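Working notes for the structure below.
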Amino acid sequence: MSAPSSISDSIHAPFGRMLTAMVTPFKKSGEIDWPAVEKIAAHLVATGHDGIVLNGTTGEAPTTSDDEKDELIKVVRKVVGDKVKIIAGAGNNETSHSVEQAKRAAKVGADGLLVVSPYYNRPPQAGVYAHFKAMADATDLSIILYDIPKRTGVEIETDTICRLAEHPKVAALKDAKGDPAATSLVIKKSQIPVYSGDDILNLILLSVGAVGFISVCGHTVGAQLKAMLTAWFAGDSQRALEIHQQLLPVFIGTFRTQGAILSKAGLTLMGLPGGHTRLPLVDATEEQIKQLKIDLQQGGVKLI
């Protein structure tokens with residue numbers, strides 16, 4: 001398993017290689033903790049991120065208002081400046097509202113859009129295609145298709161991805177399908193840049209042609225994930241494997257319950273303001289935090 005220079009040199013990563021879907025820290029009262037937002041964004045920059053994804057699944061986007069989504073982009077932009085890409089989640093199960101979110105994100109300064117498959121409605125592939133095309137046509141921003149059928153109830157099928165990849169504004173795919181065989185076929189057939197959206201499959205998807213990660217574990221092990229990417233694209237597959245194996249407790253531990261819950265708990269254990277969740281999510285229990293502490297320490301994370 002290696003990344004020959006001829007391959008690594010030819011793979012274009014449109015938003016950089018290392019991105020994390022950032023949590024939205026809330027106060028106990030339910031309001032967004034804006035100073036905490038700034039500190040977490042600065043932490044991600046300091047650990048080598050090329051981009052930050054806001055208003056996504058891990059950001060608890062279904063629970064934040066459109067105004068809050070806009071403000072999150074503005075606040076993080078002030079922290080990261082132009083050196084880090086901001087990708088804004090803009091998508092739900094209603095196309096016209098999704099288009100409005102896309103336009104608002106573009107207006108307040110996002111560099112790109114992460115667009116999830118329409119969830120709950122379970123549209124046929126014709127509807128999935130029409131939804132993404134409407135989003136791609138809505139602004140001048142490039143979009144990342146987000147395929148996560150275990151959450152949305154509908155996958156973006158290979159043929160649909162191939163059709164969408166022909167659109168000039170469709171720049172990449174975030175793959176959280178959990179099916180490396182299907183991902184391999186998509187990469188071969190469409191040549192679309194693919195970002196791993198499932199941390200435990202990061203190295204596996206690199207081996208079949210992925211360009212990078214949109215991580216959750218990047219909150220706690222961003223520097224290590226960046227090192228794994230650097231090793232892989234330098235052709236040092238053995239070092240990349242060593243890092244992957246070292247981080248397995250973190251990959252497993254972060255998802256013992258919902259990822260945003262334990263990412264916030266993990267940040268707090270590191271001395272950062274992870275904050276609280278909004279219903280229907282609930283904060284980690286004492287027992288969950290105790291187990292997470294073990295998982296993070298086994299993965300080499302320094303805790304306070």
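Residue numbers start at 1 in each chain; chains themselves are named A, B, ... in the order of the structure tokens; ligands are numbered from 1 in the order shown.
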
Distance query Thr277 of chain A at most 12 Å, only C-alpha atoms, self and fewer than 2 positions along chain excluded, as a PyMOL selection string: chain A and resi 23-33+58-61+63-64+258-265+274-275+279-284

Could you list, as number ranges by chain, every residue within 12 Å of Lys290 of chain A, counting only C-alpha atoms and ignoring same-chain residues fewer than 3 positions away? A: 253, 262, 265-266, 269, 284-287, 293-297

Filtering to N, CA, C and O atoms, could you give me those residues as an mmCIF file, in the first residue's frame?
data_model
loop_
_atom_site.group_PDB
_atom_site.id
_atom_site.type_symbol
_atom_site.label_atom_id
_atom_site.label_comp_id
_atom_site.auth_asym_id
_atom_site.auth_seq_id
_atom_site.Cartn_x
_atom_site.Cartn_y
_atom_site.Cartn_z
ATOM 1 N N GLY A 253 -13.377 5.582 19.940
ATOM 2 C CA GLY A 253 -13.909 6.220 21.133
ATOM 3 C C GLY A 253 -14.774 7.429 20.864
ATOM 4 O O GLY A 253 -15.762 7.673 21.568
ATOM 5 N N LEU A 262 -19.218 13.652 21.877
ATOM 6 C CA LEU A 262 -17.923 13.265 22.416
ATOM 7 C C LEU A 262 -16.798 14.152 21.903
ATOM 8 O O LEU A 262 -15.760 14.276 22.566
ATOM 9 N N ALA A 265 -16.871 16.852 24.441
ATOM 10 C CA ALA A 265 -16.287 16.348 25.685
ATOM 11 C C ALA A 265 -14.776 16.226 25.555
ATOM 12 O O ALA A 265 -14.035 16.539 26.499
ATOM 13 N N GLY A 266 -14.300 15.783 24.386
ATOM 14 C CA GLY A 266 -12.869 15.656 24.173
ATOM 15 C C GLY A 266 -12.152 16.985 24.209
ATOM 16 O O GLY A 266 -11.071 17.108 24.804
ATOM 17 N N LEU A 269 -11.802 18.021 27.761
ATOM 18 C CA LEU A 269 -10.733 17.276 28.438
ATOM 19 C C LEU A 269 -9.355 17.808 28.073
ATOM 20 O O LEU A 269 -8.401 17.653 28.837
ATOM 21 N N ALA A 284 -22.450 14.520 27.170
ATOM 22 C CA ALA A 284 -21.894 13.230 27.575
ATOM 23 C C ALA A 284 -22.090 13.008 29.074
ATOM 24 O O ALA A 284 -22.008 13.943 29.876
ATOM 25 N N THR A 285 -22.359 11.770 29.434
ATOM 26 C CA THR A 285 -22.495 11.404 30.843
ATOM 27 C C THR A 285 -21.111 11.268 31.477
ATOM 28 O O THR A 285 -20.094 11.195 30.791
ATOM 29 N N GLU A 286 -21.072 11.207 32.799
ATOM 30 C CA GLU A 286 -19.802 11.013 33.499
ATOM 31 C C GLU A 286 -19.141 9.711 33.061
ATOM 32 O O GLU A 286 -17.917 9.654 32.885
ATOM 33 N N GLU A 287 -19.921 8.679 32.882
ATOM 34 C CA GLU A 287 -19.358 7.390 32.465
ATOM 35 C C GLU A 287 -18.800 7.470 31.050
ATOM 36 O O GLU A 287 -17.729 6.908 30.751
ATOM 37 N N LYS A 293 -11.889 9.541 28.056
ATOM 38 C CA LYS A 293 -10.555 9.902 28.562
ATOM 39 C C LYS A 293 -9.578 8.763 28.330
ATOM 40 O O LYS A 293 -8.435 8.974 27.889
ATOM 41 N N ILE A 294 -10.008 7.533 28.583
ATOM 42 C CA ILE A 294 -9.168 6.360 28.339
ATOM 43 C C ILE A 294 -8.851 6.231 26.851
ATOM 44 O O ILE A 294 -7.695 6.018 26.455
ATOM 45 N N ASP A 295 -9.873 6.388 26.016
ATOM 46 C CA ASP A 295 -9.697 6.250 24.565
ATOM 47 C C ASP A 295 -8.706 7.283 24.025
ATOM 48 O O ASP A 295 -7.813 6.963 23.223
ATOM 49 N N LEU A 296 -8.854 8.527 24.457
ATOM 50 C CA LEU A 296 -7.981 9.591 23.970
ATOM 51 C C LEU A 296 -6.548 9.377 24.435
ATOM 52 O O LEU A 296 -5.588 9.559 23.666
ATOM 53 N N GLN A 297 -6.383 8.997 25.684
ATOM 54 C CA GLN A 297 -5.039 8.769 26.200
ATOM 55 C C GLN A 297 -4.365 7.605 25.489
ATOM 56 O O GLN A 297 -3.159 7.663 25.195
#

Residues of segment 226-268 of chain A that approach segment 195-209 of chain A to 9 Å or less, counting only C-alpha atoms: could you list each one with the shortest pair of atoms and its distance in Å to one decimal, rows by chain and increasing residue number, as CSV?
residue,atom,partner,partner_atom,distance
A:Met228,CA,A:Leu203,CA,8.2
A:Leu229,CA,A:Leu203,CA,8.5
A:Trp232,CA,A:Leu206,CA,8.0
A:Ala240,CA,A:Leu203,CA,7.6
A:Leu241,CA,A:Leu203,CA,7.5
A:His244,CA,A:Leu203,CA,6.9
A:Leu247,CA,A:Ile200,CA,8.7
A:Leu248,CA,A:Ile200,CA,7.1
A:Phe251,CA,A:Ile200,CA,5.5
A:Ile252,CA,A:Ile200,CA,7.5

Got a sec to tell me which of segment 24-257 of chain A DSSP assigns to alpha helix (DSSP H), as a PyMOL selection string? chain A and resi 34-46+66-80+95-107+125-138+149-152+158-164+180-190+202-207+218-233+237-253

Using the selection just defined, write its residues with C-alpha atoms as a compact mmCIF listing (two decimals), in the first residue's frame.
# COMPACT_ATOMS: atom_id res chain seq x y z
CA TRP A 34 -19.03 33.01 20.63
CA PRO A 35 -15.67 33.32 22.45
CA ALA A 36 -15.56 29.51 22.48
CA VAL A 37 -16.21 29.45 18.73
CA GLU A 38 -13.18 31.67 18.24
CA LYS A 39 -10.96 29.51 20.46
CA ILE A 40 -11.92 26.27 18.74
CA ALA A 41 -11.36 27.78 15.29
CA ALA A 42 -7.93 29.03 16.39
CA HIS A 43 -7.14 25.56 17.75
CA LEU A 44 -7.97 23.97 14.39
CA VAL A 45 -5.74 26.46 12.59
CA ALA A 46 -2.91 25.73 15.03
CA ASP A 66 -30.13 30.70 9.49
CA ASP A 67 -28.96 33.86 11.27
CA GLU A 68 -26.75 31.83 13.60
CA LYS A 69 -25.29 29.97 10.63
CA ASP A 70 -24.39 33.27 8.98
CA GLU A 71 -22.80 34.60 12.15
CA LEU A 72 -20.72 31.46 12.62
CA ILE A 73 -19.16 32.01 9.19
CA LYS A 74 -18.45 35.67 9.97
CA VAL A 75 -16.91 34.95 13.38
CA VAL A 76 -14.69 32.13 12.17
CA ARG A 77 -13.58 34.17 9.17
CA LYS A 78 -12.31 36.86 11.55
CA VAL A 79 -10.22 34.23 13.30
CA VAL A 80 -8.78 32.37 10.32
CA THR A 95 -34.55 22.38 -1.84
CA SER A 96 -35.71 25.99 -1.91
CA HIS A 97 -34.61 26.57 1.69
CA SER A 98 -31.31 24.86 0.91
CA VAL A 99 -30.78 27.23 -2.01
CA GLU A 100 -31.49 30.19 0.28
CA GLN A 101 -28.94 28.90 2.79
CA ALA A 102 -26.39 28.57 -0.02
CA LYS A 103 -26.93 32.16 -1.13
CA ARG A 104 -26.65 33.44 2.43
CA ALA A 105 -23.42 31.51 3.01
CA ALA A 106 -21.93 32.91 -0.17
CA LYS A 107 -22.94 36.44 0.82
CA GLN A 125 -32.20 9.54 -7.83
CA ALA A 126 -33.87 11.96 -10.25
CA GLY A 127 -34.80 14.11 -7.26
CA VAL A 128 -31.36 13.75 -5.69
CA TYR A 129 -29.77 14.91 -8.94
CA ALA A 130 -32.18 17.84 -9.32
CA HIS A 131 -31.55 18.94 -5.72
CA PHE A 132 -27.78 19.01 -6.10
CA LYS A 133 -27.98 20.69 -9.49
CA ALA A 134 -30.15 23.43 -8.01
CA MET A 135 -27.57 23.94 -5.28
CA ALA A 136 -24.68 24.00 -7.75
CA ASP A 137 -26.54 26.56 -9.88
CA ALA A 138 -27.46 28.76 -6.89
CA PRO A 149 -26.97 7.43 3.62
CA LYS A 150 -27.00 6.10 7.20
CA ARG A 151 -28.22 9.58 8.23
CA THR A 152 -30.18 10.73 5.20
CA THR A 158 -22.57 6.08 -8.52
CA ASP A 159 -24.25 7.06 -11.78
CA THR A 160 -25.76 10.15 -10.11
CA ILE A 161 -22.36 11.20 -8.76
CA CYS A 162 -20.85 10.75 -12.22
CA ARG A 163 -23.53 12.97 -13.76
CA LEU A 164 -23.12 15.62 -11.08
CA PRO A 180 -14.84 1.49 0.07
CA ALA A 181 -15.71 -0.68 -2.92
CA ALA A 182 -18.37 1.80 -4.05
CA THR A 183 -15.99 4.68 -3.40
CA SER A 184 -13.32 3.00 -5.51
CA LEU A 185 -15.74 2.74 -8.40
CA VAL A 186 -16.85 6.36 -8.06
CA ILE A 187 -13.26 7.59 -8.15
CA LYS A 188 -12.46 5.48 -11.19
CA LYS A 189 -15.59 6.39 -13.14
CA SER A 190 -16.01 10.07 -12.25
CA ASN A 202 -9.37 7.66 6.24
CA LEU A 203 -6.33 5.59 5.32
CA ILE A 204 -8.38 3.01 3.46
CA LEU A 205 -9.94 5.67 1.25
CA LEU A 206 -6.56 7.29 0.62
CA SER A 207 -5.41 3.93 -0.69
CA GLY A 218 -9.55 16.44 13.85
CA HIS A 219 -10.79 18.30 16.93
CA THR A 220 -8.54 16.18 19.15
CA VAL A 221 -5.94 14.66 16.79
CA GLY A 222 -5.75 17.12 13.92
CA ALA A 223 -1.95 17.32 13.97
CA GLN A 224 -1.64 13.54 13.85
CA LEU A 225 -4.10 13.29 10.97
CA LYS A 226 -2.14 15.94 9.09
CA ALA A 227 1.02 13.91 9.70
CA MET A 228 -0.68 10.82 8.29
CA LEU A 229 -1.66 12.74 5.15
CA THR A 230 1.85 14.13 4.79
CA ALA A 231 3.38 10.67 5.13
CA TRP A 232 0.97 9.11 2.66
CA PHE A 233 1.50 11.66 -0.07
CA SER A 237 2.81 4.26 3.61
CA GLN A 238 4.39 2.49 6.58
CA ARG A 239 4.43 5.70 8.62
CA ALA A 240 0.85 6.48 7.57
CA LEU A 241 -0.20 3.01 8.77
CA GLU A 242 1.59 3.50 12.09
CA ILE A 243 -0.31 6.74 12.70
CA HIS A 244 -3.62 5.14 11.67
CA GLN A 245 -3.09 2.29 14.12
CA GLN A 246 -2.06 4.66 16.92
CA LEU A 247 -5.27 6.64 16.42
CA LEU A 248 -7.66 3.66 16.35
CA PRO A 249 -8.74 4.19 19.99
CA VAL A 250 -9.63 7.80 19.14
CA PHE A 251 -11.54 6.83 16.00
CA ILE A 252 -13.52 4.24 17.94
CA GLY A 253 -13.91 6.22 21.13

Of the residues A:Val216, A:Val154, A:Ile143, A:Gly91, which is the one nearest to Asn121 of chain A, using only C-alpha atoms?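 Looking at the shortest contact to Asn121 of chain A, the residue is A:Val154.
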
Assign secondary structure with DSSP using the backbone only, and return the residues of segment 21-214 of chain A in strand (DSSP E or B) as a PyMOL selection string. chain A and resi 21+26+32+51-54+85-89+112-116+142-147+170-175+194-196+212-214

The selected residues should be written to file as a CSV table (one decimal), in the first residue's frame (atoms: N, CA and C atoms).
chain,number,residue,atom,x,y,z
A,21,ALA,N,-15.0,19.1,10.4
A,21,ALA,CA,-16.3,19.6,10.6
A,21,ALA,C,-16.5,20.1,12.0
A,26,PHE,N,-22.2,25.5,22.6
A,26,PHE,CA,-23.3,26.2,23.2
A,26,PHE,C,-23.1,26.4,24.7
A,32,ILE,N,-25.3,30.2,21.6
A,32,ILE,CA,-23.9,29.9,21.1
A,32,ILE,C,-22.9,30.7,21.9
A,51,GLY,N,-8.8,23.6,6.1
A,51,GLY,CA,-10.1,24.1,6.0
A,51,GLY,C,-10.9,23.8,7.2
A,52,ILE,N,-12.0,24.5,7.4
A,52,ILE,CA,-13.0,24.2,8.5
A,52,ILE,C,-14.3,24.2,7.9
A,53,VAL,N,-15.1,23.1,8.2
A,53,VAL,CA,-16.5,23.0,7.8
A,53,VAL,C,-17.4,23.5,8.9
A,54,LEU,N,-18.2,24.5,8.6
A,54,LEU,CA,-19.2,25.0,9.6
A,54,LEU,C,-20.6,24.5,9.2
A,85,LYS,N,-9.6,27.7,4.4
A,85,LYS,CA,-10.9,27.7,3.7
A,85,LYS,C,-12.0,27.5,4.7
A,86,ILE,N,-13.1,28.2,4.5
A,86,ILE,CA,-14.3,28.0,5.2
A,86,ILE,C,-15.4,27.4,4.3
A,87,ILE,N,-15.8,26.1,4.6
A,87,ILE,CA,-16.8,25.4,3.9
A,87,ILE,C,-18.1,25.4,4.7
A,88,ALA,N,-19.1,25.9,4.2
A,88,ALA,CA,-20.4,26.0,4.9
A,88,ALA,C,-21.4,24.9,4.5
A,89,GLY,N,-21.9,24.3,5.5
A,89,GLY,CA,-23.0,23.3,5.3
A,89,GLY,C,-24.2,24.1,4.8
A,112,GLY,N,-16.8,27.8,0.0
A,112,GLY,CA,-17.4,26.6,-0.6
A,112,GLY,C,-18.6,26.1,0.2
A,113,LEU,N,-19.3,25.2,-0.4
A,113,LEU,CA,-20.5,24.7,0.3
A,113,LEU,C,-20.4,23.2,0.4
A,114,LEU,N,-20.8,22.6,1.6
A,114,LEU,CA,-21.0,21.2,1.8
A,114,LEU,C,-22.5,20.9,1.7
A,115,VAL,N,-22.9,20.1,0.7
A,115,VAL,CA,-24.3,19.9,0.5
A,115,VAL,C,-24.7,18.5,0.7
A,116,VAL,N,-25.5,18.2,1.8
A,116,VAL,CA,-25.9,16.8,2.1
A,116,VAL,C,-27.1,16.4,1.2
A,142,SER,N,-18.1,26.7,-5.3
A,142,SER,CA,-18.0,25.3,-5.6
A,142,SER,C,-18.7,24.5,-4.5
A,143,ILE,N,-19.2,23.4,-4.8
A,143,ILE,CA,-19.8,22.6,-3.8
A,143,ILE,C,-19.2,21.2,-3.6
A,144,ILE,N,-19.3,20.7,-2.4
A,144,ILE,CA,-18.9,19.3,-2.1
A,144,ILE,C,-20.2,18.5,-1.9
A,145,LEU,N,-20.4,17.5,-2.6
A,145,LEU,CA,-21.5,16.6,-2.4
A,145,LEU,C,-21.2,15.8,-1.1
A,146,TYR,N,-22.2,15.6,-0.3
A,146,TYR,CA,-22.0,14.8,0.9
A,146,TYR,C,-22.9,13.6,0.9
A,147,ASP,N,-22.3,12.5,0.8
A,147,ASP,CA,-23.0,11.2,0.8
A,147,ASP,C,-22.9,10.4,2.1
A,170,VAL,N,-19.5,21.5,-9.2
A,170,VAL,CA,-19.3,20.3,-8.3
A,170,VAL,C,-17.9,20.0,-8.2
A,171,ALA,N,-17.2,20.3,-7.1
A,171,ALA,CA,-15.8,20.2,-6.9
A,171,ALA,C,-15.3,18.9,-6.3
A,172,ALA,N,-16.1,18.3,-5.4
A,172,ALA,CA,-15.6,17.2,-4.7
A,172,ALA,C,-16.8,16.4,-4.1
A,173,LEU,N,-16.5,15.3,-3.5
A,173,LEU,CA,-17.4,14.4,-2.8
A,173,LEU,C,-16.9,14.1,-1.4
A,174,LYS,N,-17.7,14.4,-0.4
A,174,LYS,CA,-17.4,13.9,1.0
A,174,LYS,C,-18.1,12.5,1.1
A,175,ASP,N,-17.3,11.5,1.3
A,175,ASP,CA,-17.8,10.1,1.3
A,175,ASP,C,-17.9,9.6,2.7
A,194,VAL,N,-12.3,13.0,-3.8
A,194,VAL,CA,-13.1,12.5,-2.7
A,194,VAL,C,-12.4,12.7,-1.4
A,195,TYR,N,-13.2,13.2,-0.4
A,195,TYR,CA,-12.7,13.4,0.9
A,195,TYR,C,-13.3,12.3,1.8
A,196,SER,N,-12.5,11.7,2.6
A,196,SER,CA,-13.1,10.7,3.5
A,196,SER,C,-13.9,11.4,4.6
A,212,GLY,N,-8.1,13.5,0.7
A,212,GLY,CA,-7.9,14.1,2.0
A,212,GLY,C,-9.1,13.7,2.9
A,213,PHE,N,-9.3,14.4,4.0
A,213,PHE,CA,-10.3,14.1,5.0
A,213,PHE,C,-11.1,15.3,5.3
A,214,ILE,N,-12.4,15.1,5.6
A,214,ILE,CA,-13.3,16.0,6.3
A,214,ILE,C,-13.6,15.2,7.6

Among listed residues A:Gln298, A:Thr20, A:Thr139, A:Gln288, nearest Phe255 of chain A (using only C-alpha atoms): A:Gln288

Straight-line distance linking atom CA of Thr257 of chain A with atom CA of Leu272 of chain A, stated in Å to one decimal: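 Here the two named atoms are 20.2 Å from each other.
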